[in-house]
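Inspection log for the structure reproduced underneath, given as structure tokens.
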Amino acid sequence: RTGRLWIGTFNGGLSCHEEGQFTCYRAEDGLGSSGVLDILEDKQGDLWVGTWNGLARFRDGKFTAFSTADGLKGQSVWTLCAASGGDIWIGTGSGLNRLHDGRFRSFTLRDGLPNNVVRKVYVDRDGELWIGTIGGGLCHFQDGKPVNYTTREGLADNKVRTIHQDRHGSLWIGTWGGLSRLRDGRLTSYTKRDGLPHDFVEVLFEDREGSLWIGTHGGGLARLRDGKFSIYTTKEGLVDNLAKCVFESRDGSL
């Protein structure tokens with residue numbers, strides 16, 4: 001909200017770009033690890049950083065680190081998501097965590113989670129929580145009870161990488177084995193046989209015109225519009241066919 005740009009790196013820590021200058025923060029500055037996996041800014045303006053070795057909060061110029069000793073379930077923090085009430089959901093390699101009023105509560109296989117490796121946490125427009133796991137498919141808690149979607153229900157693959165809800169309310173799930181759409185409780189899946197350039201989906205992004213962009217792990221970028229895929233690879237000028245992030249600027253550039 002202050003206009004600063006935060007950049008998480010694989011092993012060089014966290015960098016802040018402000019007024020043309022970079023300030024770098026690493027494990028010795030309170031990050032827990034110099035490998036950054038996810039970044040989230042909450043309603044209070046605090047910055048939360050998921051790393052290979054715990055969670056860190058940046059407030060008033062200082063980092064506070066949280067680990068398993070503080071109640072966090074799992075050290076590798078893969079994904080962060082803020083809920084409307086101010087809670088923060090944290091997906092790790094050992095389960096799901098909810099941070100509420102400064103305290104962690106964990107959810108694992110014992111609580112109905114289909115797999116403890118949580119790769120993506122997503123809160124939809126209705127405030128419903130969706131959990132993408134590596135091996136257990138998609139999980140949705142309804143009235144406190146888990147509802148699981150796997151290949152048995154039509155999910156493309158049980159390894160979920162990313163989740164996105166489009167403007168029409170459909171939930172799109174990117175997996176290691178294809179793309180799935182959940183609408184009215186039914187799953188429809190798309191793979192290379194349907195025009196997807198690669199079955200490993202890394203990222204999903206909906207642009208202002210309503211097109212869904214799909215970044216893949218080796219097949220380049222795809223645009224799904226009016227039920228048809230358009231493919232963009234290095235042949236069309238893409239720098240590399242591994243697309244991990246998509247962003248649309250104010251002028252409509254992608």
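Chain lettering (A, B, ...) mirrors the order of the structure tokens, residue numbering begins at 1 for each chain separately, and ligand numbering begins at 1 in order of display.
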
Tell me, as a compact mmCIF listing (two decimals) with all heavy atoms, in the first residue's frame, which residues lie within 6 Å of Leu14 of chain A, counting only C-alpha atoms; anything in the same chain fewer than 2 positions away does not count.
```
# COMPACT_ATOMS: atom_id res chain seq x y z
N ILE A 7 10.36 -8.29 -3.49
CA ILE A 7 10.78 -9.37 -4.37
C ILE A 7 11.34 -10.51 -3.53
O ILE A 7 12.31 -10.34 -2.79
CB ILE A 7 11.86 -8.90 -5.38
CG1 ILE A 7 11.37 -7.69 -6.17
CG2 ILE A 7 12.24 -10.03 -6.33
CD1 ILE A 7 11.97 -6.39 -5.70
N GLY A 8 10.71 -11.68 -3.63
CA GLY A 8 11.21 -12.86 -2.95
C GLY A 8 12.09 -13.67 -3.88
O GLY A 8 11.74 -13.88 -5.04
N CYS A 24 17.99 -5.29 1.07
CA CYS A 24 17.88 -6.74 1.11
C CYS A 24 17.82 -7.26 2.54
O CYS A 24 18.52 -6.76 3.43
CB CYS A 24 19.06 -7.38 0.38
SG CYS A 24 19.11 -6.95 -1.36
N TYR A 25 16.98 -8.26 2.74
CA TYR A 25 16.82 -8.90 4.05
C TYR A 25 17.02 -10.40 3.88
O TYR A 25 16.47 -11.02 2.97
CB TYR A 25 15.42 -8.64 4.61
CG TYR A 25 15.06 -7.17 4.75
CD1 TYR A 25 14.40 -6.51 3.71
CD2 TYR A 25 15.38 -6.46 5.89
CE1 TYR A 25 14.06 -5.17 3.83
CE2 TYR A 25 15.05 -5.12 6.01
CZ TYR A 25 14.39 -4.47 4.98
OH TYR A 25 14.06 -3.14 5.07
```

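Nearest to Phe58 of chain A of all the residues A:Gly71, A:Gly219, A:Gly30, A:Gly35 is A:Gly30, based on only C-alpha atoms.
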
Practice task
Name all residues at most 12 Å from Gly135 of chain A (count only C-alpha atoms; drop same-chain ones fewer than 2 positions away) and give them as a list in words.
Solution key: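 The neighbour list is Gly93, Leu113, Pro114, Asn115, Asn116, Val117, Val118, Arg119, Ile131, Gly132, Thr133, Gly137, Leu138, Cys139, Asn148, Tyr149, Thr150, Thr151, Leu155, Ala156, Asp157, Asn158, Lys159, Val160, Arg161, Thr175, Trp176 and Gly177 of chain A.
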
For the selection you just gave me, I'd like the residues written to a file as a PDB file, in the first residue's frame, keeping N, CA and C atoms.
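Done, and the output landed in again02.pdb:
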```pdb
ATOM      1  N   GLY A  93       4.349 -27.884   4.245  1.00  0.00           N
ATOM      2  CA  GLY A  93       4.583 -29.265   3.848  1.00  0.00           C
ATOM      3  C   GLY A  93       4.121 -30.272   4.876  1.00  0.00           C
ATOM      4  N   LEU A 113      -8.086 -33.405   6.414  1.00  0.00           N
ATOM      5  CA  LEU A 113      -7.295 -32.942   5.276  1.00  0.00           C
ATOM      6  C   LEU A 113      -6.845 -34.166   4.475  1.00  0.00           C
ATOM      7  N   PRO A 114      -7.011 -34.181   3.145  1.00  0.00           N
ATOM      8  CA  PRO A 114      -6.674 -35.390   2.383  1.00  0.00           C
ATOM      9  C   PRO A 114      -5.181 -35.648   2.264  1.00  0.00           C
ATOM     10  N   ASN A 115      -4.375 -34.610   2.459  1.00  0.00           N
ATOM     11  CA  ASN A 115      -2.927 -34.738   2.391  1.00  0.00           C
ATOM     12  C   ASN A 115      -2.315 -33.578   3.157  1.00  0.00           C
ATOM     13  N   ASN A 116      -1.200 -33.824   3.818  1.00  0.00           N
ATOM     14  CA  ASN A 116      -0.591 -32.778   4.644  1.00  0.00           C
ATOM     15  C   ASN A 116       0.276 -31.795   3.866  1.00  0.00           C
ATOM     16  N   VAL A 117       0.582 -32.091   2.603  1.00  0.00           N
ATOM     17  CA  VAL A 117       1.387 -31.168   1.801  1.00  0.00           C
ATOM     18  C   VAL A 117       0.435 -30.193   1.110  1.00  0.00           C
ATOM     19  N   VAL A 118       0.333 -28.983   1.655  1.00  0.00           N
ATOM     20  CA  VAL A 118      -0.601 -27.971   1.149  1.00  0.00           C
ATOM     21  C   VAL A 118       0.161 -27.008   0.253  1.00  0.00           C
ATOM     22  N   ARG A 119      -0.180 -27.039  -1.040  1.00  0.00           N
ATOM     23  CA  ARG A 119       0.538 -26.215  -2.023  1.00  0.00           C
ATOM     24  C   ARG A 119      -0.171 -24.896  -2.321  1.00  0.00           C
ATOM     25  N   ILE A 131      -8.447 -25.735  -0.423  1.00  0.00           N
ATOM     26  CA  ILE A 131      -7.080 -26.160  -0.146  1.00  0.00           C
ATOM     27  C   ILE A 131      -6.613 -27.100  -1.246  1.00  0.00           C
ATOM     28  N   GLY A 132      -5.527 -26.733  -1.905  1.00  0.00           N
ATOM     29  CA  GLY A 132      -4.927 -27.595  -2.916  1.00  0.00           C
ATOM     30  C   GLY A 132      -3.761 -28.351  -2.325  1.00  0.00           C
ATOM     31  N   THR A 133      -3.793 -29.662  -2.409  1.00  0.00           N
ATOM     32  CA  THR A 133      -2.743 -30.488  -1.816  1.00  0.00           C
ATOM     33  C   THR A 133      -1.946 -31.205  -2.898  1.00  0.00           C
ATOM     34  N   GLY A 137      -5.473 -34.066  -3.820  1.00  0.00           N
ATOM     35  CA  GLY A 137      -6.455 -33.322  -4.590  1.00  0.00           C
ATOM     36  C   GLY A 137      -6.873 -32.019  -3.939  1.00  0.00           C
ATOM     37  N   LEU A 138      -8.123 -31.645  -4.185  1.00  0.00           N
ATOM     38  CA  LEU A 138      -8.700 -30.385  -3.711  1.00  0.00           C
ATOM     39  C   LEU A 138      -9.598 -30.654  -2.520  1.00  0.00           C
ATOM     40  N   CYS A 139      -9.507 -29.793  -1.499  1.00  0.00           N
ATOM     41  CA  CYS A 139     -10.308 -29.950  -0.290  1.00  0.00           C
ATOM     42  C   CYS A 139     -11.064 -28.659  -0.009  1.00  0.00           C
ATOM     43  N   ASN A 148     -13.847 -33.493  -0.341  1.00  0.00           N
ATOM     44  CA  ASN A 148     -12.655 -33.681  -1.159  1.00  0.00           C
ATOM     45  C   ASN A 148     -13.011 -33.963  -2.611  1.00  0.00           C
ATOM     46  N   TYR A 149     -12.201 -33.388  -3.510  1.00  0.00           N
ATOM     47  CA  TYR A 149     -12.334 -33.628  -4.942  1.00  0.00           C
ATOM     48  C   TYR A 149     -11.023 -34.218  -5.441  1.00  0.00           C
ATOM     49  N   THR A 150     -11.097 -35.401  -5.999  1.00  0.00           N
ATOM     50  CA  THR A 150      -9.913 -36.080  -6.528  1.00  0.00           C
ATOM     51  C   THR A 150     -10.189 -36.529  -7.962  1.00  0.00           C
ATOM     52  N   THR A 151      -9.293 -37.328  -8.498  1.00  0.00           N
ATOM     53  CA  THR A 151      -9.493 -37.859  -9.847  1.00  0.00           C
ATOM     54  C   THR A 151     -10.758 -38.717  -9.922  1.00  0.00           C
ATOM     55  N   LEU A 155     -11.270 -34.637 -11.172  1.00  0.00           N
ATOM     56  CA  LEU A 155     -10.138 -33.718 -11.127  1.00  0.00           C
ATOM     57  C   LEU A 155      -9.036 -34.231 -12.047  1.00  0.00           C
ATOM     58  N   ALA A 156      -8.374 -33.327 -12.748  1.00  0.00           N
ATOM     59  CA  ALA A 156      -7.357 -33.730 -13.723  1.00  0.00           C
ATOM     60  C   ALA A 156      -6.221 -34.507 -13.080  1.00  0.00           C
ATOM     61  N   ASP A 157      -5.834 -34.119 -11.869  1.00  0.00           N
ATOM     62  CA  ASP A 157      -4.731 -34.782 -11.175  1.00  0.00           C
ATOM     63  C   ASP A 157      -4.856 -34.463  -9.692  1.00  0.00           C
ATOM     64  N   ASN A 158      -4.343 -35.333  -8.838  1.00  0.00           N
ATOM     65  CA  ASN A 158      -4.443 -35.124  -7.390  1.00  0.00           C
ATOM     66  C   ASN A 158      -3.358 -34.210  -6.828  1.00  0.00           C
ATOM     67  N   LYS A 159      -2.457 -33.756  -7.691  1.00  0.00           N
ATOM     68  CA  LYS A 159      -1.441 -32.790  -7.271  1.00  0.00           C
ATOM     69  C   LYS A 159      -1.888 -31.405  -7.748  1.00  0.00           C
ATOM     70  N   VAL A 160      -2.339 -30.577  -6.819  1.00  0.00           N
ATOM     71  CA  VAL A 160      -2.896 -29.260  -7.151  1.00  0.00           C
ATOM     72  C   VAL A 160      -1.829 -28.193  -6.977  1.00  0.00           C
ATOM     73  N   ARG A 161      -1.662 -27.367  -8.004  1.00  0.00           N
ATOM     74  CA  ARG A 161      -0.655 -26.304  -7.973  1.00  0.00           C
ATOM     75  C   ARG A 161      -1.257 -24.930  -7.714  1.00  0.00           C
ATOM     76  N   THR A 175      -3.422 -28.252 -12.047  1.00  0.00           N
ATOM     77  CA  THR A 175      -2.771 -29.402 -11.425  1.00  0.00           C
ATOM     78  C   THR A 175      -1.519 -29.799 -12.202  1.00  0.00           C
ATOM     79  N   TRP A 176      -0.853 -30.821 -11.714  1.00  0.00           N
ATOM     80  CA  TRP A 176       0.327 -31.352 -12.409  1.00  0.00           C
ATOM     81  C   TRP A 176      -0.079 -32.147 -13.647  1.00  0.00           C
ATOM     82  N   GLY A 177      -1.365 -32.443 -13.772  1.00  0.00           N
ATOM     83  CA  GLY A 177      -1.812 -33.287 -14.877  1.00  0.00           C
ATOM     84  C   GLY A 177      -2.932 -32.701 -15.705  1.00  0.00           C
TER      85      GLY A 177
END
```

Completion exercise
With distances taken over only C-alpha atoms, the candidate from A:Ser230, A:Asn241, A:Ser15, A:Gln165 nearest Val201 of chain A is A:Asn241

Practice task
Rounded to one decimal place, report the atom CA of Gly91 of chain A-atom CA of Lys120 of chain A distance in Å.
Solution key: 6.6 Å

Exercise for the section: With a distance cut-off of 12 Å and only C-alpha atoms, select the neighbouring residues of His164 of chain A, excluding the residue or stretch itself and same-chain residues fewer than 4 positions from it, and output the selection as JSON, numbers by chain. Expected result: {"A": [120, 121, 122, 123, 124, 125, 129, 130, 131, 132, 160, 168, 169, 170, 171, 172, 173, 174, 175, 179, 180, 181, 182, 202, 203, 204, 205, 206, 212, 213, 214]}

Handout entry: Pick from A:Trp89, A:Phe200, A:Phe104, A:Phe22 nearest to Gly50 of chain A, counting only C-alpha atoms
Key =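 Nearest candidate to Gly50 of chain A out of A:Trp89, A:Phe200, A:Phe104, A:Phe22: A:Trp89.
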
Set the distance at 12 Å and use only C-alpha atoms: which residues neighbour Asp42 of chain A once local chain neighbours fewer than 2 positions away are removed? I'd like the list as a PDB file with C-alpha atoms, in the first residue's frame.
```pdb
ATOM      1  CA  ARG A   1       0.000   0.000   0.000  1.00  0.00           C
ATOM      2  CA  ILE A  39       4.503 -12.928   0.328  1.00  0.00           C
ATOM      3  CA  LEU A  40       1.257 -11.479   1.684  1.00  0.00           C
ATOM      4  CA  GLN A  44      -3.094  -3.798   8.809  1.00  0.00           C
ATOM      5  CA  GLY A  45      -0.242  -3.338   6.347  1.00  0.00           C
ATOM      6  CA  ASP A  46       1.941  -6.026   7.897  1.00  0.00           C
ATOM      7  CA  LEU A  47       3.970  -8.060   5.440  1.00  0.00           C
ATOM      8  CA  TRP A  48       3.978 -11.844   5.910  1.00  0.00           C
ATOM      9  CA  VAL A  49       6.741 -13.884   4.305  1.00  0.00           C
ATOM     10  CA  ARG A  57       6.173 -10.812   9.823  1.00  0.00           C
ATOM     11  CA  PHE A  58       7.576  -7.429   8.811  1.00  0.00           C
ATOM     12  CA  ARG A  59       6.220  -4.574  10.943  1.00  0.00           C
ATOM     13  CA  LEU A  80      -0.352 -17.609   2.344  1.00  0.00           C
ATOM     14  CA  CYS A  81      -3.922 -16.339   2.079  1.00  0.00           C
ATOM     15  CA  ALA A  82      -5.863 -13.720   4.051  1.00  0.00           C
ATOM     16  CA  ALA A  83      -9.469 -14.311   5.123  1.00  0.00           C
ATOM     17  CA  SER A  84     -12.073 -11.537   5.382  1.00  0.00           C
ATOM     18  CA  GLY A  85     -12.071 -11.616   9.184  1.00  0.00           C
ATOM     19  CA  GLY A  86      -8.358 -10.942   9.425  1.00  0.00           C
ATOM     20  CA  ASP A  87      -7.211 -14.534   9.845  1.00  0.00           C
ATOM     21  CA  ILE A  88      -4.281 -15.764   7.791  1.00  0.00           C
ATOM     22  CA  TRP A  89      -4.230 -19.258   6.304  1.00  0.00           C
ATOM     23  CA  LEU A  99      -3.359 -17.670  12.477  1.00  0.00           C
TER      24      LEU A  99
END
```

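Proximity to Gly220 of chain A at 8 Å, evaluated using only C-alpha atoms and with sequence-adjacent residues fewer than 6 positions away removed, yields Pro197, His198, Ile231, Tyr232, Thr233, Thr234, Leu238, Asp240, Asn241, Leu242 and Ala243 of chain A.
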
Practice task
Write out as a ChimeraX atom specification which residues come within 10 Å of Leu72 of chain A when counting only C-alpha atoms, dropping same-chain ones fewer than 3 positions away.
Solution key: /A:54-55,66-69,75,77,90,92,94-99,103-106

Practice task
Mind giving me the straight-line distance from atom CA of Thr188 of chain A to atom CA of Thr162 of chain A in Å, one decimal?
Solution key: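 Computing it gives 16.0 Å between the two atoms.
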